[in-house]
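S.K.: I have a structure I would like to understand better, so I am pasting it below and will then ask my questions one at a time.
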Amino acid sequence: MAKTKTNTEDYLQMYRQMVRIRTFEDNANKLYLDAKMPGLTHMYSGEEAVAVGICEALKVTDKITSTHRGHGHCVAKGAAFKEMFCELLGKEEGYCRGKGGSMHIADQSNGNLGANAIVGGSMGIATGSAFTAKMLGTDDVTVCFFGDGATAQGLLYEVMNMAALWKLPVIYACENNGYSEYTRTEEIAAGSITARAEAFGIEAHQVDGQDVLAVNTLTQKLVARARKGEGPFFLELMTYRYHGHHVGDINREYYRTKDEEKDWKENRDPIIRFRGWLVSEGIASEDEIEAMNAEVRQDAEQAVDYALNAKYPDVSEVDMHVYSDIKHALA
Amino acid sequence: MAKTKTNTEDYLQMYRQMVRIRTFEDNANKLYLDAKMPGLTHMYSGEEAVAVGICEALKVTDKITSTHRGHGHCVAKGAAFKEMFCELLGKEEGYCRGKGGSMHIADQSNGNLGANAIVGGSMGIATGSAFTAKMLGTDDVTVCFFGDGATAQGLLYEVMNMAALWKLPVIYACENNGYSEYTRTEEIAAGSITARAEAFGIEAHQVDGQDVLAVNTLTQKLVARARKGEGPFFLELMTYRYHGHHVGDINREYYRTKDEEKDWKENRDPIIRFRGWLVSEGIASEDEIEAMNAEVRQDAEQAVDYALNAKYPDVSEVDMHVYSDIKHALA
Amino acid sequence: MREITLSQAVNEALAEEMRRDERVFIIGEDVAEAGTPFKVLAGLVEEFGTGRVVDTPIAEPGFMGIAVGAAMTGTRPVVDLMFGDFIYLIMDQLCNQAAKTHYMSGGKLNVPLVLRTNLGATRRSAAQHSQSLQALVAHIPGLKVAMPSSAYEAKGLMKTAIRDDNPVVIFEDKLMYQDKAPVPEEEYLIPFGEANIKREGTDITLIGTSSMVQVAEKAAEILAREGIEAEVIDPRTIVPLDEATLLKSVRKTSRAIVIDEGHQSYGVTAEIASRINEKAFYHLDAPVLRMGAMDVPVPFSPALEDVTVPTPEGVAENARRLMSGEMIHAA
Amino acid sequence: MREITLSQAVNEALAEEMRRDERVFIIGEDVAEAGTPFKVLAGLVEEFGTGRVVDTPIAEPGFMGIAVGAAMTGTRPVVDLMFGDFIYLIMDQLCNQAAKTHYMSGGKLNVPLVLRTNLGATRRSAAQHSQSLQALVAHIPGLKVAMPSSAYEAKGLMKTAIRDDNPVVIFEDKLMYQDKAPVPEEEYLIPFGEANIKREGTDITLIGTSSMVQVAEKAAEILAREGIEAEVIDPRTIVPLDEATLLKSVRKTSRAIVIDEGHQSYGVTAEIASRINEKAFYHLDAPVLRMGAMDVPVPFSPALEDVTVPTPEGVAENARRLMSGEMIHAA
Ligand SMILES: Cc1ncc(C[n+]2csc(CCOP(=O)(O)OP(=O)(O)O)c2C)c(N)n1
Ligand SMILES: Cc1ncc(C[n+]2csc(CCOP(=O)(O)OP(=O)(O)O)c2C)c(N)n1
Ligand SMILES: [Mg+2]
Ligand SMILES: [Mg+2]
């Protein structure tokens, strides 16, 4: 694994954030299985190194846009468990007062412009956020997360063209987890994903999305260059989702084998790999790591408890926030 | 100019078709200037070698989709002047009974699925036509004409992806005339147009769109391969439009110089070049060519006269053809 | 009579029509092996193969465009749009292309295409996966719009749609896929433009579409217990609309409520109410009431979502008011 | 008072707001040097530069998405959509993203964006360049919709729109760009949701939107000569809709005709008529009549196109019928 100049605290922060994502998802999945969560949700487990490697290269004022599989991005960009679980359960204290839910969770305090239930739906938004940075002269960079499946949406090519023409500080981060829903990437993506970006004059890189340091090191470089006006950039991050497409997708053998899942989980898990590296490099001891894990676990359990007992928004909120200047749209 | 094995008759047919397009456009422009034509229209003059070079490589049952600048494609695919001028003037005997007009002219008898007033709007249609050929096992090939400006539409990348995955017999023919409306191509197209197709695994060629033989020779090869299931293909045809974006675009100097226009017209005109070649190769004499020109001119004038005097559709037609099975939609 | 689910009914309709007519094929995301997330198409790929049950990349505008072109050239696509909310993505291909081609070509080109999609909230799927967007397409001349209210209608209307030579949009209620209803073994078709009187009554007419037919029927049951005899009518297609049956009923009952799950403002209920007001005005004892979904984006939180859609109790309450002569809203 | 054209009025509104607020910018096709095909923006790029008058490639979904993201992050885009017919292309970004972001985020994110586009037929521009699609966006909660009827409204509503923190869609009548009207030199804004009584009258209320206000006024003149005093009302915004003013008028006149240039079925007239029917039912002496554009794609042929839109004579004729007590359509 590539060694970098980041210091111990940064390494531990990356580890903690990956564990926080995994733990968040385990709890969310349990809430679903226990029929305590409304609707469905998409688990990020297995892909933690992507969100963390990238978001740890960003400032709070940098922006991200996220996807239907958005919990990982949200945590990685700095969100708190309590407001997240409240949102997943439709409670008033959620980031979006329960109005958005898992597929629309946003955390503007940390620059997360929101998950999106339209595949590819946030590609324009991310590019527009970069447009703002350029127009207002801030040096913020925006990262646009999307999946391999989303590369089929024409919107991507429209906005990459403009981002390239206008040199916008945006990084397109394609999380290639091998599948879109129940279909293998090869069946829905002709040619080469990175070549598509390059054809628009955009520098593109393919990177091991299970290696948090590799992701982080590369992203740091690109972010620095984007801040200087050398963007846009494109990243294809090779990764894997451990769960089904959504929590209800249990029988997966008709589209992928148990062996394949096992191989990724056992041999390429981003947390296990990074943990091993931290220990072998003497950055943390097994005990310290276990303590961190336990702390995160407890944090999550408390947040879940809190959220389960938190109150729903008052029904009078139903016609609030339709328009920013009209308190109740239907009054 | 590349020499080919096509015989004399084919050469003369190509020449005649180019002259027919130019003559059609000169008459259409005059109708506009004389305020005899409803609405606006977009002239194809200057780009004749593209439509003719390609369409002469097609069978009647092969399909094309066309654009807002569609008269050239329509003539090249075999349409008659009379029905075309009637359509441009909104007359009952027009190809579309006057309901479509210049921007929607279609001639299904010759496989022209229609002009389209939505830039890029026919990319899906062309690809779908190729889908039909594959599904029904005909060996028809479809050519999708569109401009350089249309390459900014995401739809192109969506359908190229599917065409590549499914090996559809479609040829994407990008008529790069250097401008979209009042904007130079460099300002709206990042990277390389052919590389964009190649990134989807599609074989792409750039070709001199003012050289009818070069266009025809290459297209013949690609059409033959597409019939055998080796498609799709992509062509970028470098060409130029002599008139403004539409007939009303008279003062063009704020976006392109008169010198530039002069250079293309005098030094790269596809008709002049091909005529010179025909004469120098002894395929036709100057007299024969003049006779051909005169014949076409007469044909056009007669068609214009006819169309000017032809009748408008009866007003009762207004709610016909909304649905194929309901004679009058509002009855 | 045997009972089958709405999901099975759609599946049967498709299978029967695909057996009858080789030109019929299905195209959409995860329609083949996965049989769509709602599993409606399960088994079809086994019978008809991947050549006729075609999995696409996540490119709605693209595959919709391909379907339009395929339909224009001799096949009969059934487009599967996973969620009704994605209709926004294909509006150009649906409304500028498919809907207008027959008219613009003066009746020469046909687009025999079925777009199957869905509607319905209260699934905790939030604002981008819960919309009921039938009003948008009903507004566009050239499209027909069917809204099946049970397995029986789902099968009969689908078969009719597939045989129709015009573009037809069918909205299935995604909450009804597992609902069973009696469906004959023998083949049957349900003609477009023929409303179904679900329940006869003399006091008030309840007109419901799709999901709202059940709501109207339940309201009628509540009202019957109170001695109010409601007539419940299901228009089955909103384009064409069976005005005659609606007017006949309202002339008898003198009162009407129109119920639809789309947003109320500028929605389906406005059109139906307006037609009744215009054409049965002198028979009305009270204003025609409209009940649509609340004019707010669909909220995720169950506490809020449930109040956004019409309920049997709400319909019954409004019916009582109309019956009691209470002059609602009238000054 | 000085008179300026609608085109100049829009231009002034934009220039004033861009001077007032640095965050305001214009984005669209050929908006800079070309100043749009209708020349409405002429001169703005000279004053504000290409950084704030931004020419885009032909990628409507893309630049609309960019505008949404830009608006979410601190700028105030005015999106220029060349023809209202292209709204189909941006529906996802407009209706799934812009319209819902404020609500889905629980009020935390704003999208202060103006979409300027146009409507109107009889320009011989055929089916894809002549539509009046206001009904589609008026149906979507979260959007405001303004329909200026003269230069005065065009300026005042545009300025209000730019200062609004919500997404606003403005439809200009493309046939009115050269029409002059008195417009004060001093700054003024027109608040949303306030209808304008263009002409007072006692016998019948004519409610017209945009282009149809003039039609209503002309009808009122015809009627006045016959002793019928029509009140003409321009709602100015259809979302929010100034119900109070409309109802007050109808309670006085007891009769109303609603006129809009969108297709009649499932269109704007249905909503306005329904609200009047619901809320002023007991004051009505006759059914509220609706006059929209004919439910057919807009035909190219002048012989057909002119009969598809409401005319002053048609409105006057319907008014006479209502006045004479003729029981239109009533059995
Ligand atoms: C426009 C649109 N089309 C289809 C869907 C349904 N859908 C949700 S997620 C998904 C697969 C996305 O695949 P990918 O982009 O690879 O992301 P992943 O789920 O693998 O993270 C699909 C088809 C959607 N939400 N939006
Ligand atoms: C979707 C859409 N956007 C914009 C327009 C307006 N428009 C018509 S032609 C044109 C330029 C097209 O350029 P290009 O594709 O290069 O074709 P050319 O006119 O050069 O032949 C534009 C912007 C349109 N008709 N459709
Ligand atoms: Mg994926
Ligand atoms: Mg061009």
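Every chain in the structure tokens takes a letter, A first, then B, and so on in the order presented; its residues are numbered from 1, and the ligands are numbered from 1 following the presented order.
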Define the interface residues of chain D facing chain B as those within 7 Å, counting only C-alpha atoms, and report them as an mmCIF file with N, CA and C atoms, in the first residue's frame.
M.R.:
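Below is the file that was written, result_39.cif:
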data_model
loop_
_atom_site.group_PDB
_atom_site.id
_atom_site.type_symbol
_atom_site.label_atom_id
_atom_site.label_comp_id
_atom_site.auth_asym_id
_atom_site.auth_seq_id
_atom_site.Cartn_x
_atom_site.Cartn_y
_atom_site.Cartn_z
ATOM 1 N N ASP D 30 -26.113 30.792 -26.805
ATOM 2 C CA ASP D 30 -26.012 32.021 -27.588
ATOM 3 C C ASP D 30 -26.607 33.234 -26.879
ATOM 4 N N ALA D 34 -24.349 36.822 -29.275
ATOM 5 C CA ALA D 34 -25.553 36.772 -30.111
ATOM 6 C C ALA D 34 -26.755 37.382 -29.396
ATOM 7 N N THR D 56 -23.430 28.553 -23.415
ATOM 8 C CA THR D 56 -23.250 27.124 -23.171
ATOM 9 C C THR D 56 -23.297 26.345 -24.469
ATOM 10 N N PRO D 57 -22.792 25.127 -24.441
ATOM 11 C CA PRO D 57 -23.089 24.191 -25.524
ATOM 12 C C PRO D 57 -24.597 23.875 -25.539
ATOM 13 N N ILE D 58 -25.033 23.180 -26.574
ATOM 14 C CA ILE D 58 -26.461 22.828 -26.699
ATOM 15 C C ILE D 58 -26.736 21.627 -25.803
ATOM 16 N N ALA D 59 -26.901 21.895 -24.533
ATOM 17 C CA ALA D 59 -27.007 20.827 -23.539
ATOM 18 C C ALA D 59 -27.938 21.313 -22.442
ATOM 19 N N ARG D 123 -46.284 31.364 -35.266
ATOM 20 C CA ARG D 123 -45.047 31.895 -35.833
ATOM 21 C C ARG D 123 -44.549 31.004 -36.966
ATOM 22 N N ARG D 124 -45.362 30.036 -37.345
ATOM 23 C CA ARG D 124 -44.996 29.090 -38.421
ATOM 24 C C ARG D 124 -43.741 28.313 -38.051
ATOM 25 N N SER D 125 -43.652 27.979 -36.786
ATOM 26 C CA SER D 125 -42.450 27.279 -36.332
ATOM 27 C C SER D 125 -42.719 25.806 -36.073
ATOM 28 N N ALA D 126 -43.938 25.380 -36.292
ATOM 29 C CA ALA D 126 -44.335 23.966 -36.229
ATOM 30 C C ALA D 126 -44.282 23.380 -34.816
ATOM 31 N N GLN D 128 -42.598 21.599 -32.740
ATOM 32 C CA GLN D 128 -41.578 21.534 -31.680
ATOM 33 C C GLN D 128 -41.003 22.905 -31.312
ATOM 34 N N VAL D 296 -54.171 19.555 -30.397
ATOM 35 C CA VAL D 296 -53.450 18.935 -31.519
ATOM 36 C C VAL D 296 -52.014 19.476 -31.463
ATOM 37 N N PRO D 299 -49.664 22.596 -35.977
ATOM 38 C CA PRO D 299 -49.351 22.304 -37.379
ATOM 39 C C PRO D 299 -48.524 23.427 -37.999
ATOM 40 N N PHE D 300 -47.700 23.060 -38.968
ATOM 41 C CA PHE D 300 -46.886 24.077 -39.646
ATOM 42 C C PHE D 300 -47.739 24.953 -40.562
ATOM 43 N N SER D 301 -48.576 24.345 -41.338
ATOM 44 C CA SER D 301 -49.300 25.084 -42.382
ATOM 45 C C SER D 301 -50.099 26.247 -41.795
ATOM 46 N N PRO D 302 -49.852 27.443 -42.318
ATOM 47 C CA PRO D 302 -50.584 28.613 -41.812
ATOM 48 C C PRO D 302 -52.094 28.403 -41.857
ATOM 49 N N ALA D 303 -52.528 27.655 -42.868
ATOM 50 C CA ALA D 303 -53.965 27.423 -43.017
ATOM 51 C C ALA D 303 -54.521 26.672 -41.824
ATOM 52 N N LEU D 304 -53.689 25.888 -41.191
ATOM 53 C CA LEU D 304 -54.147 25.106 -40.044
ATOM 54 C C LEU D 304 -53.762 25.764 -38.726
#
S.K.: For segment 265-278 of chain A, work out the shell of residues within 12 Å, counting only C-alpha atoms and skipping chain neighbours fewer than 5 positions away, then give it as a PyMOL selection string.
M.R.: chain A and resi 1-3+7-23+45-53+208-215+238-243+258-260+283-290+292-293
S.K.: Dump as a PyMOL selection string the residues of chain C that approach chain D to within 6 Å, counting only C-alpha atoms.
M.R.: chain C and resi 88-89+91-92+136+139+141+265-266+270-271+274+278-281+287+295-296+329-330
S.K.: Looking only at alpha helix (DSSP H) from DSSP on the backbone, list the matching residues of segment 114-230 of chain C as a ChimeraX atom specification.
M.R.: /C:134-138,151-163,211-225
S.K.: Include C-alpha atoms and write out the residues we just selected as a compact mmCIF listing (two decimals), in the first residue's frame.
M.R.:
# COMPACT_ATOMS: atom_id res chain seq x y z
CA GLN C 134 -50.32 11.38 -15.28
CA ALA C 135 -51.43 14.99 -15.67
CA LEU C 136 -48.23 15.87 -17.50
CA VAL C 137 -48.72 13.36 -20.27
CA ALA C 138 -52.49 13.70 -20.44
CA ALA C 151 -55.52 -6.63 -12.07
CA TYR C 152 -58.49 -6.96 -14.41
CA GLU C 153 -57.98 -3.54 -15.96
CA ALA C 154 -54.20 -3.90 -15.89
CA LYS C 155 -54.40 -6.90 -18.17
CA GLY C 156 -57.13 -5.73 -20.48
CA LEU C 157 -55.78 -2.23 -20.92
CA MET C 158 -52.23 -3.46 -21.47
CA LYS C 159 -53.32 -5.74 -24.27
CA THR C 160 -55.26 -2.94 -25.90
CA ALA C 161 -52.32 -0.60 -25.50
CA ILE C 162 -49.95 -3.01 -27.21
CA ARG C 163 -52.30 -3.33 -30.18
CA SER C 211 -55.34 3.82 -6.91
CA MET C 212 -58.18 6.17 -6.12
CA VAL C 213 -60.87 3.83 -7.42
CA GLN C 214 -60.41 1.67 -4.33
CA VAL C 215 -60.47 4.78 -2.19
CA ALA C 216 -63.73 5.82 -3.84
CA GLU C 217 -65.21 2.35 -3.38
CA LYS C 218 -64.31 2.32 0.28
CA ALA C 219 -65.80 5.77 0.68
CA ALA C 220 -68.95 4.50 -1.01
CA GLU C 221 -69.15 1.68 1.51
CA ILE C 222 -68.85 4.11 4.39
CA LEU C 223 -71.50 6.32 2.84
CA ALA C 224 -73.83 3.40 2.15
CA ARG C 225 -73.91 2.66 5.84
S.K.: Of the candidates A:Phe81, A:Phe146, A:Tyr179, A:Phe131, which one gets nearest to ligand 3 if we count only C-alpha atoms and all ligand atoms?
M.R.: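 Under the stated criterion, the closest residue is A:Tyr179.
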S.K.: Please report, as JSON lines, each residue of chain B lying at most 6 Å from chain A, together with the nearest pair of atoms and the separation in Å rounded to one decimal; use only C-alpha atoms, and order rows by chain and ascending residue number.
M.R.:
{"residue": "B:Ala152", "atom": "CA", "partner": "A:Glu158", "partner_atom": "CA", "distance": 5.8}
{"residue": "B:Gly154", "atom": "CA", "partner": "A:Gly154", "partner_atom": "CA", "distance": 3.6}
{"residue": "B:Leu155", "atom": "CA", "partner": "A:Gly154", "partner_atom": "CA", "distance": 5.4}
{"residue": "B:Tyr157", "atom": "CA", "partner": "A:Gly154", "partner_atom": "CA", "distance": 5.7}
{"residue": "B:Glu158", "atom": "CA", "partner": "A:Gly154", "partner_atom": "CA", "distance": 5.4}
{"residue": "B:Asn161", "atom": "CA", "partner": "A:Ala190", "partner_atom": "CA", "distance": 5.6}
{"residue": "B:Leu165", "atom": "CA", "partner": "A:Ala190", "partner_atom": "CA", "distance": 5.6}
{"residue": "B:Ala190", "atom": "CA", "partner": "A:Phe200", "partner_atom": "CA", "distance": 5.0}
{"residue": "B:Gly191", "atom": "CA", "partner": "A:Phe200", "partner_atom": "CA", "distance": 4.1}
{"residue": "B:Ser192", "atom": "CA", "partner": "A:Ala199", "partner_atom": "CA", "distance": 5.6}
{"residue": "B:Ala195", "atom": "CA", "partner": "A:Ala199", "partner_atom": "CA", "distance": 5.1}
{"residue": "B:Arg196", "atom": "CA", "partner": "A:Ala199", "partner_atom": "CA", "distance": 4.9}
{"residue": "B:Ala199", "atom": "CA", "partner": "A:Arg196", "partner_atom": "CA", "distance": 4.9}
{"residue": "B:Phe200", "atom": "CA", "partner": "A:Gly191", "partner_atom": "CA", "distance": 4.1}
{"residue": "B:Gly201", "atom": "CA", "partner": "A:Gly191", "partner_atom": "CA", "distance": 4.3}
S.K.: Generate the output file for the selected residues, N, CA and C atoms, as a CSV table (one decimal), in the first residue's frame.
M.R.:
chain,number,residue,atom,x,y,z
B,152,ALA,N,-23.1,18.0,-28.1
B,152,ALA,CA,-23.2,18.5,-26.7
B,152,ALA,C,-24.4,17.8,-26.0
B,154,GLY,N,-26.4,15.0,-24.3
B,154,GLY,CA,-26.1,13.8,-23.6
B,154,GLY,C,-26.7,12.5,-24.3
B,155,LEU,N,-27.8,12.8,-25.0
B,155,LEU,CA,-28.5,11.6,-25.6
B,155,LEU,C,-27.6,10.9,-26.5
B,157,TYR,N,-24.5,10.1,-26.2
B,157,TYR,CA,-23.6,9.2,-25.5
B,157,TYR,C,-24.5,8.0,-24.9
B,158,GLU,N,-25.7,8.3,-24.6
B,158,GLU,CA,-26.6,7.2,-24.1
B,158,GLU,C,-26.8,6.2,-25.2
B,161,ASN,N,-23.6,4.3,-26.4
B,161,ASN,CA,-23.3,3.2,-25.5
B,161,ASN,C,-24.1,1.9,-25.8
B,165,LEU,N,-22.9,-1.6,-27.3
B,165,LEU,CA,-23.1,-2.9,-26.5
B,165,LEU,C,-23.9,-3.9,-27.4
B,190,ALA,N,-15.4,20.4,-26.0
B,190,ALA,CA,-14.1,20.1,-25.4
B,190,ALA,C,-13.5,18.8,-25.9
B,191,GLY,N,-12.2,18.7,-25.9
B,191,GLY,CA,-11.6,17.4,-26.3
B,191,GLY,C,-11.7,17.1,-27.7
B,192,SER,N,-12.0,15.9,-28.1
B,192,SER,CA,-12.1,15.4,-29.5
B,192,SER,C,-13.4,14.7,-29.7
B,195,ALA,N,-12.8,11.0,-30.5
B,195,ALA,CA,-12.4,10.2,-29.4
B,195,ALA,C,-13.6,9.9,-28.5
B,196,ARG,N,-14.6,10.8,-28.5
B,196,ARG,CA,-15.8,10.5,-27.7
B,196,ARG,C,-16.4,9.2,-28.1
B,199,ALA,N,-14.3,6.2,-27.2
B,199,ALA,CA,-14.3,5.8,-25.8
B,199,ALA,C,-15.4,4.8,-25.5
B,200,PHE,N,-16.4,4.8,-26.4
B,200,PHE,CA,-17.5,3.8,-26.3
B,200,PHE,C,-17.2,2.5,-27.1
B,201,GLY,N,-16.0,2.5,-27.6
B,201,GLY,CA,-15.6,1.3,-28.4
B,201,GLY,C,-16.1,1.4,-29.8
S.K.: Pick from B:Lys82, B:His42, B:Lys327, B:Lys228: nearest to ligand 4, with only C-alpha atoms and all ligand atoms counted?
M.R.: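 Residue with the minimum atom-to-atom distance to ligand 4: B:His42.
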S.K.: Considering only strand (DSSP E or B) as DSSP defines it on the backbone, what residues of segment 48-257 of chain C qualify? List them as number ranges by chain.
M.R.: C: 53-55, 76-80, 114-119, 144-146, 168-173, 180-182, 196-199, 204-208, 230-234, 237-239, 256-257
S.K.: Distance atom CA of Pro77 of chain C-atom CA of Val114 of chain C, one decimal place?
M.R.: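 Between these atoms lies a distance of 6.4 Å.
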